[in-house]
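Below is one structure, written out as structure tokens, with a few remarks after it.
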Amino acid sequence: MTGSDRQGPTEMLMYGNPHLFGDWGGIQPWLTKRGIYLTVGINEEFMGNVTGGKQRAYSDAGQVAAELDIDWDKLAGINEFWTHMLVVNGHGNNLGRLIGENIAQPQQIYGARGNVVAHLVALYGEKGLFRNRLNIAAGWIPTGTFFNYDYLACSFVNVTTCGNPAPGKYVPGGRDWPSGNLGAVVRVWPTRQVYLMAGLFAVNSSSSYNGGISGWAWAQPGLGKFSSQFEVGWLPSFGKNDLIGHYKLGYFYDNARYPHLYEDINGNSYQATGLPRRYRAGMNVAWFLADQMLVRYGKGLTNGLIAFGGAEYANGATVAMRDHAWISLLSGGSPWHRPLDQVGIMYHHFDMSHSVALQQESSQALGLPYVSNQWGEPYGVQGHENVWEAFYSVHVLTGTSVQPDFQYINHVNATTKFRDAAVLGVQINTIL
């Protein structure tokens, strides 16, 4: 859900953006008149660490994404009904893996797309009722399209908050873009500024990917449990300058059973005793997101100085990251006569769970390899991590931006194994 259309259809990532190639020789207006919105976007990210990390390295990671949104009212007279489809093709290597950083991956293009021509991210229908006061969506849905979503976060390159924040998007019940989930969402607007939303998603706790590596294998083995998600949102507007805000509080409960990160059936180290691991029924994640425009420079949704941030918590007995908090300032370029440029700074703080630290201390004492968790391979006993990011996005052509980016990573991979890393890079985005 975007703030630009508070009671309309859920817009996806690229819908409504200007195109590098204009109206495609008249094709775009012809399609739009019939309610067909087709967009193709390219994202390339070149990054390298100038110091710190596991090793000095650089990488290029990118993707081509195609999005098709159809307004069936215009196309076939079906009132308040939309369908959305998004497929991507990813390529390249991710810098985080090369430098030993899995907690706060410096690039948005981080994996999970599979070695396929067209990885399915989303395919779902959305029906509005009572002038869109009630909205029902069902199909193959990334949970972050609806829940725990901040439309400003992907202005930054670091993937930790892009789409929706960690830790929720890295556990089976909250898997997000580019992973979809079979599910349904109901959203109701009691007033124009307040919504209530609930969703139910199928959970596959035995696989690293929903839908397989291609995203098309909806009936893969392991389904049978559910993630129930809830969110309440307030979207106020203050003063004569329409200072828009978004405030969201949410929670999800995944009713699958998951192994305790440290304990055996008696509450001791399962690595030391060799006894079966203790299993916990249910996984919990809660979040609070907020953004508020402080000063308006123009009419657009982001034409101003905006403060945003949030906090997210997960049950540390079964999730390796206990909590994540972040704060940011983002500004459009109107004050310096570059209205389509953006500049931003962001700070993240991550705390890993006490249970995963006990497990890693046990591995260390027993001379065993560290056990992988939801954030991949650890390189030591994980504690906390801090990340700072700053960028300037330059609008160079219609639908095209070039974004130099700097990130400083303190306690790489939440350990003291490696020196702090300084990462430089550039992101290029184009809507064709």
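Going through the structure tokens in order, the chains are called A, B, and so on, while each chain numbers its residues from 1 and the ligands are numbered from 1 in the order shown.
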
Check range 25-154 of chain A with DSSP on the backbone and list each residue it calls strand (DSSP E), as JSON, numbers by chain.
{"A": [36, 37, 38, 39, 40, 41, 42, 43, 44, 45, 46, 47, 48, 49, 50, 51, 58, 59, 60, 61, 62, 63, 64, 65, 66, 67, 68, 69, 70, 71, 81, 82, 83, 84, 85, 86, 87, 88, 89, 90, 91, 92, 119, 120, 121, 122, 123, 124, 125, 126, 127, 128, 129, 134, 135, 136, 137, 138, 139, 140, 141]}

DSSP on the backbone: what in range 97-296 of chain A comes out alpha helix (DSSP H), as a list in words?
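Residues of range 97-296 of chain A classed as alpha helix (DSSP H): Arg97, Leu98, Ile99, Tyr270, Gln271, Ala272 and Thr273 of chain A.
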
Selected residues written out with C-alpha atoms, as a compact mmCIF listing (two decimals), in the first residue's frame:
```
# COMPACT_ATOMS: atom_id res chain seq x y z
CA ARG A 97 28.84 -12.90 0.83
CA LEU A 98 32.30 -11.93 -0.42
CA ILE A 99 33.22 -9.78 2.59
CA TYR A 270 22.17 -29.91 22.32
CA GLN A 271 25.69 -29.87 20.87
CA ALA A 272 27.24 -30.88 24.19
CA THR A 273 24.73 -33.56 25.23
```

Pick from A:Val285, A:Ile109, A:Ala66, A:Val371: nearest to Gln427 in chain A, with only C-alpha atoms counted?
A:Ile109

Quick one: of A:Leu366, A:Ser206, A:Gly183, A:Pro236, who's nearest to Ser269 in chain A, counting only C-alpha atoms?
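Comparing A:Leu366, A:Ser206, A:Gly183, A:Pro236 against Ser269 in chain A, the winner is A:Leu366.
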
At most 12 Å is the cut-off: for each residue in range 285-342 of chain A with any atom that close to an atom of range 249-254 of chain A, write down the nearest atom pair and the distance in Å rounded to one decimal, counting only C-alpha atoms, chain first then increasing number, as a Markdown table.
```
| residue | atom | partner | partner_atom | distance |
| --- | --- | --- | --- | --- |
| A:Val285 | CA | A:Phe252 | CA | 5.5 |
| A:Ala286 | CA | A:Tyr251 | CA | 4.2 |
| A:Trp287 | CA | A:Gly250 | CA | 5.3 |
| A:Phe288 | CA | A:Leu249 | CA | 4.6 |
| A:Leu289 | CA | A:Leu249 | CA | 6.6 |
| A:Ala290 | CA | A:Leu249 | CA | 8.9 |
| A:Gly310 | CA | A:Leu249 | CA | 9.8 |
| A:Ala311 | CA | A:Leu249 | CA | 10.0 |
| A:Glu312 | CA | A:Gly250 | CA | 9.4 |
| A:Tyr313 | CA | A:Tyr251 | CA | 9.5 |
| A:Ala314 | CA | A:Phe252 | CA | 9.8 |
| A:Asn315 | CA | A:Tyr253 | CA | 10.5 |
| A:Thr318 | CA | A:Asp254 | CA | 11.6 |
```

Considering only C-alpha atoms, give me a table of residues in range 68-100 of chain A that are at most 12 Å from range 114-132 of chain A, with the closest atom pair and distance in Å for each, as a Markdown table.
```
| residue | atom | partner | partner_atom | distance |
| --- | --- | --- | --- | --- |
| A:Leu68 | CA | A:Leu123 | CA | 9.4 |
| A:Asp69 | CA | A:Gly125 | CA | 9.8 |
| A:Ile70 | CA | A:Gly125 | CA | 9.5 |
| A:Asp71 | CA | A:Glu126 | CA | 9.8 |
| A:Trp72 | CA | A:Lys127 | CA | 10.0 |
| A:Asp73 | CA | A:Lys127 | CA | 10.6 |
| A:Ile78 | CA | A:Lys127 | CA | 9.5 |
| A:Asn79 | CA | A:Gly128 | CA | 8.0 |
| A:Glu80 | CA | A:Gly128 | CA | 4.9 |
| A:Phe81 | CA | A:Lys127 | CA | 4.5 |
| A:Trp82 | CA | A:Glu126 | CA | 5.1 |
| A:Thr83 | CA | A:Gly125 | CA | 4.3 |
| A:His84 | CA | A:Tyr124 | CA | 5.5 |
| A:Met85 | CA | A:Leu123 | CA | 4.4 |
| A:Leu86 | CA | A:Ala122 | CA | 5.1 |
| A:Val87 | CA | A:Leu120 | CA | 4.6 |
| A:Val88 | CA | A:His119 | CA | 5.2 |
| A:Asn89 | CA | A:Ala118 | CA | 5.4 |
| A:Gly90 | CA | A:Gly114 | CA | 7.6 |
| A:His91 | CA | A:Asn115 | CA | 8.2 |
| A:Gly92 | CA | A:Asn115 | CA | 10.6 |
```

Written selection (C-alpha atoms) as an mmCIF file, in the first residue's frame:
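Ended up saving to out-v3.cif:
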```cif
data_model
loop_
_atom_site.group_PDB
_atom_site.id
_atom_site.type_symbol
_atom_site.label_atom_id
_atom_site.label_comp_id
_atom_site.auth_asym_id
_atom_site.auth_seq_id
_atom_site.Cartn_x
_atom_site.Cartn_y
_atom_site.Cartn_z
ATOM 1 C CA LEU A 68 1.956 -6.136 -15.207
ATOM 2 C CA ASP A 69 -0.963 -4.484 -13.396
ATOM 3 C CA ILE A 70 -4.452 -4.720 -14.880
ATOM 4 C CA ASP A 71 -7.479 -2.614 -13.971
ATOM 5 C CA TRP A 72 -10.309 -4.985 -14.921
ATOM 6 C CA ASP A 73 -12.891 -2.229 -14.600
ATOM 7 C CA ILE A 78 -15.396 -5.686 -13.488
ATOM 8 C CA ASN A 79 -15.712 -2.962 -10.884
ATOM 9 C CA GLU A 80 -12.847 -2.388 -8.405
ATOM 10 C CA PHE A 81 -10.891 -5.491 -9.434
ATOM 11 C CA TRP A 82 -7.162 -5.518 -10.191
ATOM 12 C CA THR A 83 -4.562 -8.212 -10.852
ATOM 13 C CA HIS A 84 -0.827 -7.828 -10.255
ATOM 14 C CA MET A 85 2.082 -9.852 -11.615
ATOM 15 C CA LEU A 86 5.820 -9.336 -11.135
ATOM 16 C CA VAL A 87 8.706 -11.454 -12.455
ATOM 17 C CA VAL A 88 12.448 -10.802 -12.158
ATOM 18 C CA ASN A 89 15.691 -12.046 -13.637
ATOM 19 C CA GLY A 90 18.665 -11.642 -11.324
ATOM 20 C CA HIS A 91 22.373 -11.820 -12.097
ATOM 21 C CA GLY A 92 25.772 -11.162 -10.570
#
```

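Distance-wise, CA of Val381 in chain A and CA of Gln364 in chain A end up 8.3 Å apart.
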